[in-house]
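Colleague: Dropping the structure in here first, questions after.
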Amino acid sequence: MNIAVLALQGAFIEHERMLSALGVTATELRRKSDLKTPFDGLIIPGGESTVQGKLLRELELLDPIRRRIENGLPVFGTCAGLLLLAKAIRNDNRSYLATMDIVAVRNAYGRQLGSFYHEGSFRGLGRLPMTFIRAPYIDSVSDGVEILAECGGKIVAARQGNQLVTAFHPELNRDLSVHAYFADMVRAHQAVRC
Ligand code: GLN
């Protein structure tokens, strides 16, 4: 199994470390020609959604990645990655990949509570460390979206088919369980394809 990590900006190296700790091969996706290397899943890291979105467009990666996700490629977006996958952002009129039926709120916790740590329960995985950095949350989800975690009454992790998002950064803690959960999604998708 080979999981690509979008490596244009943000915390991509941290995701690669998590995958390597799980014994999963990671490849960096930086340019259009990297799409020729087969990969079974994709991680979109945290960082700055506006910068990543602009680069995705300029590098002509946005449409091909969107098509792959629509065709079932398992994808995991953290923080800015969640914003890139959201169909709509309530306080921003931009949208990017727009493949997941969620409405997100950008920089949702405001300046005062820009970054914080929380331990909360994640459906099926128990209690997890959750590090939030100028994080979004999910304001609403459509039918077919499973809510996986909430923090202070706000949705902070969700799944729709092969798309997984977290508003927090599991790659910044030692706990590998969210990455293992995603690796299982990728494995299950491979099994269906064979
Ligand atoms: N606030 C950032 C954005 O709007 C996301 C922050 C993050 O990824 N840690 O893209």
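So you can find residues: chains in the structure tokens are A, B, ... in the order shown, residues in each start at 1, and ligands are numbered from 1 in order.
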Report as a PyMOL selection string all protein, DNA and RNA residues lying within 9 Å of range 103-110 of chain A, evaluated on only C-alpha atoms, omitting residues in the same chain fewer than 6 positions from it.
Modeller: chain A and resi 80+82-83+86-92+133-142
Colleague: What's the 8 Å shell around Phe182 in chain A, counting only C-alpha atoms, without same-chain residues fewer than 4 positions away, as a PDB file with N, CA and C atoms, in the first residue's frame?
Modeller:
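Generated file (out21.pdb):
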```pdb
ATOM      1  N   PHE A  76      -7.814  11.699   3.229  1.00  0.00           N
ATOM      2  CA  PHE A  76      -7.853  12.118   4.633  1.00  0.00           C
ATOM      3  C   PHE A  76      -7.344  13.561   4.692  1.00  0.00           C
ATOM      4  N   LEU A 164     -12.283  11.144   4.817  1.00  0.00           N
ATOM      5  CA  LEU A 164     -12.153  11.310   6.263  1.00  0.00           C
ATOM      6  C   LEU A 164     -11.571  12.696   6.534  1.00  0.00           C
ATOM      7  N   VAL A 178      -5.672   7.377  14.414  1.00  0.00           N
ATOM      8  CA  VAL A 178      -6.453   7.954  13.305  1.00  0.00           C
ATOM      9  C   VAL A 178      -5.790   7.585  11.967  1.00  0.00           C
ATOM     10  N   VAL A 186      -8.127   2.590   3.393  1.00  0.00           N
ATOM     11  CA  VAL A 186      -7.416   2.388   2.113  1.00  0.00           C
ATOM     12  C   VAL A 186      -7.360   0.896   1.793  1.00  0.00           C
TER      13      VAL A 186
END
```
Colleague: Give me the residues near Gln9 in chain A as a PDB file with N, CA and C atoms, in the first residue's frame, where near means some atom within 9 Å (using only C-alpha atoms) and where sequence neighbours in that chain fewer than 2 positions away do not count.
Modeller:
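Below is the file around_36.pdb, written as the result:
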```
ATOM      1  N   LEU A   6      -0.003  15.134   0.084  1.00  0.00           N
ATOM      2  CA  LEU A   6       0.116  16.382  -0.666  1.00  0.00           C
ATOM      3  C   LEU A   6       1.182  17.237   0.024  1.00  0.00           C
ATOM      4  N   ALA A   7       2.238  17.564  -0.721  1.00  0.00           N
ATOM      5  CA  ALA A   7       3.406  18.194  -0.097  1.00  0.00           C
ATOM      6  C   ALA A   7       3.680  19.560  -0.714  1.00  0.00           C
ATOM      7  N   ALA A  11       1.968  20.847   7.101  1.00  0.00           N
ATOM      8  CA  ALA A  11       2.540  19.793   7.958  1.00  0.00           C
ATOM      9  C   ALA A  11       2.551  18.428   7.267  1.00  0.00           C
ATOM     10  N   PHE A  12       3.188  18.341   6.088  1.00  0.00           N
ATOM     11  CA  PHE A  12       3.161  17.056   5.376  1.00  0.00           C
ATOM     12  C   PHE A  12       4.178  16.069   5.925  1.00  0.00           C
ATOM     13  N   PRO A  45      -2.663  17.729   4.122  1.00  0.00           N
ATOM     14  CA  PRO A  45      -2.258  18.165   5.468  1.00  0.00           C
ATOM     15  C   PRO A  45      -2.851  19.501   5.882  1.00  0.00           C
ATOM     16  N   GLY A  46      -2.614  19.825   7.137  1.00  0.00           N
ATOM     17  CA  GLY A  46      -2.942  21.151   7.641  1.00  0.00           C
ATOM     18  C   GLY A  46      -1.920  22.145   7.130  1.00  0.00           C
ATOM     19  N   GLY A  47      -2.247  23.397   7.259  1.00  0.00           N
ATOM     20  CA  GLY A  47      -1.375  24.472   6.775  1.00  0.00           C
ATOM     21  C   GLY A  47      -2.267  25.661   6.539  1.00  0.00           C
ATOM     22  N   GLU A  48      -2.257  26.175   5.337  1.00  0.00           N
ATOM     23  CA  GLU A  48      -3.106  27.316   4.997  1.00  0.00           C
ATOM     24  C   GLU A  48      -3.917  26.924   3.768  1.00  0.00           C
ATOM     25  N   VAL A  51      -3.508  29.033   0.558  1.00  0.00           N
ATOM     26  CA  VAL A  51      -2.235  28.843  -0.142  1.00  0.00           C
ATOM     27  C   VAL A  51      -2.243  27.503  -0.868  1.00  0.00           C
ATOM     28  N   GLN A  52      -2.668  26.459  -0.168  1.00  0.00           N
ATOM     29  CA  GLN A  52      -2.697  25.138  -0.806  1.00  0.00           C
ATOM     30  C   GLN A  52      -3.682  25.132  -1.981  1.00  0.00           C
ATOM     31  N   LEU A  55      -2.106  26.933  -4.949  1.00  0.00           N
ATOM     32  CA  LEU A  55      -1.061  26.105  -5.562  1.00  0.00           C
ATOM     33  C   LEU A  55      -1.676  24.925  -6.323  1.00  0.00           C
TER      34      LEU A  55
END
```
Colleague: Ranking A:His118, A:Arg17, A:Arg127, A:Arg94 by minimum distance to ligand 1 and counting only C-alpha atoms and all ligand atoms, which one comes first?
Modeller: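 Closest to ligand 1 of all the choices is A:Arg94.
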Colleague: Near Lys36 in chain A, counting only C-alpha atoms, which residues have an atom at most 12 Å away, once you skip same-chain residues fewer than 4 positions from it, shown as a PyMOL selection string?
Modeller: chain A and resi 4+27+29-32+64
Colleague: With all heavy atoms kept, could you save the residues just selected as a JSON list (two decimals), in the first residue's frame?
Modeller:
```
[["chain", "number", "residue", "atom", "x", "y", "z"],
["A", 4, "ALA", "N", -0.13, 8.68, -0.79],
["A", 4, "ALA", "CA", 0.48, 9.94, -1.18],
["A", 4, "ALA", "C", 0.12, 11.01, -0.15],
["A", 4, "ALA", "O", -0.97, 11.00, 0.42],
["A", 4, "ALA", "CB", -0.02, 10.35, -2.56],
["A", 27, "THR", "N", 4.42, 8.59, -0.37],
["A", 27, "THR", "CA", 5.09, 9.32, -1.45],
["A", 27, "THR", "C", 4.58, 10.75, -1.43],
["A", 27, "THR", "O", 3.43, 10.99, -1.05],
["A", 27, "THR", "CB", 4.79, 8.72, -2.84],
["A", 27, "THR", "OG1", 3.38, 8.55, -2.96],
["A", 27, "THR", "CG2", 5.47, 7.40, -3.06],
["A", 29, "LEU", "N", 3.27, 14.13, -3.09],
["A", 29, "LEU", "CA", 2.61, 14.63, -4.30],
["A", 29, "LEU", "C", 2.87, 16.12, -4.36],
["A", 29, "LEU", "O", 2.38, 16.89, -3.53],
["A", 29, "LEU", "CB", 1.10, 14.31, -4.20],
["A", 29, "LEU", "CG", 0.17, 14.80, -5.30],
["A", 29, "LEU", "CD1", 0.66, 14.40, -6.69],
["A", 29, "LEU", "CD2", -1.24, 14.24, -5.08],
["A", 30, "ARG", "N", 3.69, 16.51, -5.33],
["A", 30, "ARG", "CA", 4.10, 17.92, -5.44],
["A", 30, "ARG", "C", 3.73, 18.54, -6.78],
["A", 30, "ARG", "O", 3.62, 19.75, -6.88],
["A", 30, "ARG", "CB", 5.62, 18.04, -5.29],
["A", 30, "ARG", "CG", 6.14, 17.74, -3.92],
["A", 30, "ARG", "CD", 7.66, 17.83, -3.90],
["A", 30, "ARG", "NE", 8.17, 17.62, -2.57],
["A", 30, "ARG", "CZ", 8.33, 18.59, -1.68],
["A", 30, "ARG", "NH1", 8.05, 19.85, -1.99],
["A", 30, "ARG", "NH2", 8.80, 18.31, -0.47],
["A", 31, "ARG", "N", 3.69, 17.71, -7.81],
["A", 31, "ARG", "CA", 3.43, 18.25, -9.15],
["A", 31, "ARG", "C", 2.63, 17.25, -9.95],
["A", 31, "ARG", "O", 2.49, 16.09, -9.54],
["A", 31, "ARG", "CB", 4.74, 18.58, -9.85],
["A", 31, "ARG", "CG", 5.72, 17.43, -9.91],
["A", 31, "ARG", "CD", 7.05, 17.85, -10.51],
["A", 31, "ARG", "NE", 7.77, 18.73, -9.60],
["A", 31, "ARG", "CZ", 8.52, 18.32, -8.57],
["A", 31, "ARG", "NH1", 8.65, 17.02, -8.33],
["A", 31, "ARG", "NH2", 9.14, 19.16, -7.78],
["A", 32, "LYS", "N", 2.14, 17.72, -11.09],
["A", 32, "LYS", "CA", 1.25, 16.91, -11.92],
["A", 32, "LYS", "C", 1.88, 15.56, -12.29],
["A", 32, "LYS", "O", 1.21, 14.53, -12.29],
["A", 32, "LYS", "CB", 0.92, 17.70, -13.18],
["A", 32, "LYS", "CG", -0.47, 17.45, -13.69],
["A", 32, "LYS", "CD", -0.77, 18.39, -14.83],
["A", 32, "LYS", "CE", -2.04, 17.96, -15.53],
["A", 32, "LYS", "NZ", -2.31, 18.80, -16.69],
["A", 64, "PRO", "N", -7.63, 17.02, -11.47],
["A", 64, "PRO", "CA", -7.33, 15.57, -11.44],
["A", 64, "PRO", "C", -7.52, 14.95, -10.05],
["A", 64, "PRO", "O", -8.02, 13.83, -9.95],
["A", 64, "PRO", "CB", -5.87, 15.46, -11.89],
["A", 64, "PRO", "CG", -5.41, 16.81, -12.24],
["A", 64, "PRO", "CD", -6.51, 17.79, -12.03]]
```
Colleague: Kindly indicate which residue among A:Thr37, A:Ser49, A:Asn162, A:Thr78 lies nearest to ligand 1, using only C-alpha atoms and all ligand atoms for the distances.
Modeller: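 Going through A:Thr37, A:Ser49, A:Asn162, A:Thr78 one by one, the smallest distance to ligand 1 is for A:Ser49.
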Colleague: Range 27-179 of chain A: which residues are helix (DSSP H, G or I) by DSSP, as JSON, numbers by chain?
Modeller: {"A": [32, 33, 34, 35, 36, 49, 50, 51, 52, 53, 54, 55, 56, 57, 58, 62, 63, 64, 65, 66, 67, 68, 69, 70, 80, 81, 82, 83, 84, 85, 170, 171, 172, 177, 178, 179]}
Colleague: Output the selection as a compact mmCIF listing (two decimals), in the first residue's frame - N, CA, C and O atoms for each residue.
Modeller:
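Final file, part-v7.txt:
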```
# COMPACT_ATOMS: atom_id res chain seq x y z
N LYS A 32 2.14 17.72 -11.09
CA LYS A 32 1.25 16.91 -11.92
C LYS A 32 1.88 15.56 -12.29
O LYS A 32 1.21 14.53 -12.29
N SER A 33 3.19 15.59 -12.60
CA SER A 33 3.84 14.34 -13.04
C SER A 33 3.85 13.29 -11.91
O SER A 33 3.92 12.09 -12.18
N ASP A 34 3.72 13.73 -10.64
CA ASP A 34 3.68 12.77 -9.53
C ASP A 34 2.40 11.92 -9.58
O ASP A 34 2.34 10.86 -8.94
N LEU A 35 1.41 12.39 -10.31
CA LEU A 35 0.16 11.62 -10.40
C LEU A 35 0.35 10.32 -11.18
O LEU A 35 -0.49 9.43 -11.11
N LYS A 36 1.47 10.25 -11.92
CA LYS A 36 1.75 9.01 -12.70
C LYS A 36 2.16 7.87 -11.79
O LYS A 36 2.00 6.70 -12.13
N SER A 49 -5.22 26.80 3.96
CA SER A 49 -6.07 26.31 2.86
C SER A 49 -6.01 27.22 1.64
O SER A 49 -6.02 26.74 0.50
N THR A 50 -5.91 28.54 1.85
CA THR A 50 -5.91 29.46 0.71
C THR A 50 -4.64 29.25 -0.12
O THR A 50 -4.68 29.25 -1.35
N VAL A 51 -3.51 29.03 0.56
CA VAL A 51 -2.23 28.84 -0.14
C VAL A 51 -2.24 27.50 -0.87
O VAL A 51 -1.90 27.41 -2.06
N GLN A 52 -2.67 26.46 -0.17
CA GLN A 52 -2.70 25.14 -0.81
C GLN A 52 -3.68 25.13 -1.98
O GLN A 52 -3.40 24.55 -3.03
N GLY A 53 -4.82 25.80 -1.80
CA GLY A 53 -5.83 25.84 -2.86
C GLY A 53 -5.29 26.54 -4.10
O GLY A 53 -5.47 26.09 -5.23
N LYS A 54 -4.59 27.66 -3.87
CA LYS A 54 -4.02 28.44 -4.98
C LYS A 54 -2.97 27.59 -5.72
O LYS A 54 -2.94 27.53 -6.94
N LEU A 55 -2.11 26.93 -4.95
CA LEU A 55 -1.06 26.10 -5.56
C LEU A 55 -1.68 24.93 -6.32
O LEU A 55 -1.22 24.59 -7.42
N LEU A 56 -2.70 24.32 -5.74
CA LEU A 56 -3.36 23.20 -6.43
C LEU A 56 -3.88 23.64 -7.79
O LEU A 56 -3.75 22.92 -8.79
N ARG A 57 -4.44 24.84 -7.82
CA ARG A 57 -4.96 25.37 -9.10
C ARG A 57 -3.83 25.66 -10.06
O ARG A 57 -3.84 25.20 -11.20
N GLU A 58 -2.82 26.38 -9.58
CA GLU A 58 -1.72 26.79 -10.46
C GLU A 58 -0.96 25.58 -11.01
O GLU A 58 -0.47 25.61 -12.13
N LEU A 62 -5.77 20.45 -9.05
CA LEU A 62 -7.09 20.49 -8.42
C LEU A 62 -8.09 19.55 -9.12
O LEU A 62 -8.71 18.70 -8.48
N ASP A 63 -8.23 19.70 -10.44
CA ASP A 63 -9.22 18.89 -11.16
C ASP A 63 -8.89 17.40 -11.16
O ASP A 63 -9.76 16.58 -10.86
N PRO A 64 -7.63 17.02 -11.47
CA PRO A 64 -7.33 15.57 -11.44
C PRO A 64 -7.52 14.95 -10.05
O PRO A 64 -8.02 13.83 -9.95
N ILE A 65 -7.17 15.67 -9.00
CA ILE A 65 -7.35 15.11 -7.65
C ILE A 65 -8.84 15.00 -7.35
O ILE A 65 -9.32 13.99 -6.82
N ARG A 66 -9.61 16.04 -7.70
CA ARG A 66 -11.05 15.99 -7.46
C ARG A 66 -11.67 14.78 -8.16
O ARG A 66 -12.46 14.03 -7.58
N ARG A 67 -11.26 14.56 -9.42
CA ARG A 67 -11.82 13.42 -10.18
C ARG A 67 -11.51 12.10 -9.49
O ARG A 67 -12.35 11.22 -9.39
N ARG A 68 -10.26 11.97 -9.00
CA ARG A 68 -9.89 10.71 -8.33
C ARG A 68 -10.72 10.49 -7.07
O ARG A 68 -11.12 9.38 -6.76
N ILE A 69 -10.93 11.57 -6.32
CA ILE A 69 -11.73 11.43 -5.09
C ILE A 69 -13.17 11.04 -5.46
O ILE A 69 -13.77 10.16 -4.86
N GLU A 70 -13.69 11.69 -6.49
CA GLU A 70 -15.06 11.36 -6.93
C GLU A 70 -15.15 9.91 -7.40
O GLU A 70 -16.20 9.29 -7.30
N ALA A 80 -6.58 22.39 7.41
CA ALA A 80 -6.72 23.03 6.10
C ALA A 80 -7.20 22.01 5.07
O ALA A 80 -7.97 22.36 4.15
N GLY A 81 -6.79 20.76 5.23
CA GLY A 81 -7.24 19.69 4.31
C GLY A 81 -8.75 19.51 4.40
O GLY A 81 -9.41 19.24 3.39
N LEU A 82 -9.31 19.65 5.60
CA LEU A 82 -10.77 19.59 5.78
C LEU A 82 -11.43 20.72 4.98
O LEU A 82 -12.42 20.51 4.29
N LEU A 83 -10.84 21.92 5.07
CA LEU A 83 -11.42 23.06 4.35
C LEU A 83 -11.36 22.85 2.84
O LEU A 83 -12.27 23.22 2.10
N LEU A 84 -10.27 22.22 2.37
CA LEU A 84 -10.14 21.98 0.92
C LEU A 84 -11.17 20.96 0.43
O LEU A 84 -11.60 21.02 -0.72
N LEU A 85 -11.56 20.05 1.31
CA LEU A 85 -12.52 19.01 0.90
C LEU A 85 -13.98 19.45 1.08
O LEU A 85 -14.88 18.88 0.45
N PRO A 170 -3.93 15.00 14.13
CA PRO A 170 -3.46 13.77 14.79
C PRO A 170 -1.97 13.51 14.51
O PRO A 170 -1.33 12.79 15.27
N GLU A 171 -1.43 14.13 13.47
CA GLU A 171 -0.01 13.92 13.13
C GLU A 171 0.93 14.64 14.10
O GLU A 171 2.13 14.44 14.06
N LEU A 172 0.37 15.48 14.97
CA LEU A 172 1.22 16.21 15.91
C LEU A 172 1.29 15.54 17.28
O LEU A 172 1.94 16.05 18.18
N SER A 177 -3.64 6.14 16.04
CA SER A 177 -4.89 5.44 15.72
C SER A 177 -5.69 6.06 14.58
O SER A 177 -6.33 5.33 13.84
N VAL A 178 -5.67 7.38 14.41
CA VAL A 178 -6.45 7.95 13.31
C VAL A 178 -5.79 7.59 11.97
O VAL A 178 -6.47 7.26 10.99
N HIS A 179 -4.47 7.61 11.94
CA HIS A 179 -3.78 7.19 10.71
C HIS A 179 -4.00 5.71 10.43
O HIS A 179 -4.16 5.31 9.27
```
Colleague: Could you work out how far atom 7 (C, counted along the ligand's line) of ligand 1 lies from CA of Ala26 in chain A, giving the answer in Å with one decimal?
Modeller: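 For CA of Ala26 in chain A relative to atom 7 (C, counted along the ligand's line) of ligand 1, the distance reads 21.1 Å.
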Colleague: Measuring atom to atom with only C-alpha atoms, identify which of A:Thr166, A:Ser121, A:Asn2, A:Asn93 is nearest to Gly41 in chain A.
Modeller: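 That would be A:Asn2, the residue with the smallest distance to Gly41 in chain A.
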Colleague: Which value, in Å to one decimal, gives the distance between CA of Gly77 in chain A and CA of Ile44 in chain A?
Modeller: 4.6 Å
Colleague: Per DSSP on the backbone, what are the strand (DSSP E) residues of range 9-180 of chain A, as an MDAnalysis selection string?
Modeller: chainID A and resid 25:29 41:44 75:78 86:89 100:105 115:122 126:133 137:141 146:151 154:160 163:166
Colleague: Quick one: distance from CA of Arg159 in chain A to CA of Cys79 in chain A in Å, one decimal?
Modeller: 13.9 Å
Colleague: When distances are computed from only C-alpha atoms and all ligand atoms, which of A:Leu19, A:Ala167, A:Gly72, A:Phe122 shows the smallest separation from ligand 1?
Modeller: A:Ala167
Colleague: Which is closest to ligand 1 among A:Ile147, A:Leu176, A:Val165, A:Ala158, if we use only C-alpha atoms and all ligand atoms?
Modeller: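 Counting only C-alpha atoms and all ligand atoms, the residue closest to ligand 1 is A:Val165.
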Colleague: Choose the residue, out of A:Gly23, A:Pro74, A:Gly144, A:Gly114, that has the smallest atom-to-atom separation from ligand 1; count only C-alpha atoms and all ligand atoms.
Modeller: A:Gly114
Colleague: Show me, as a PyMOL selection string, the residues that have an atom within 12 Å of Asp175 in chain A when counting only C-alpha atoms, minus same-chain residues fewer than 4 positions from it.
Modeller: chain A and resi 15+17-19+21-22+119+125-131+169-171+179-181
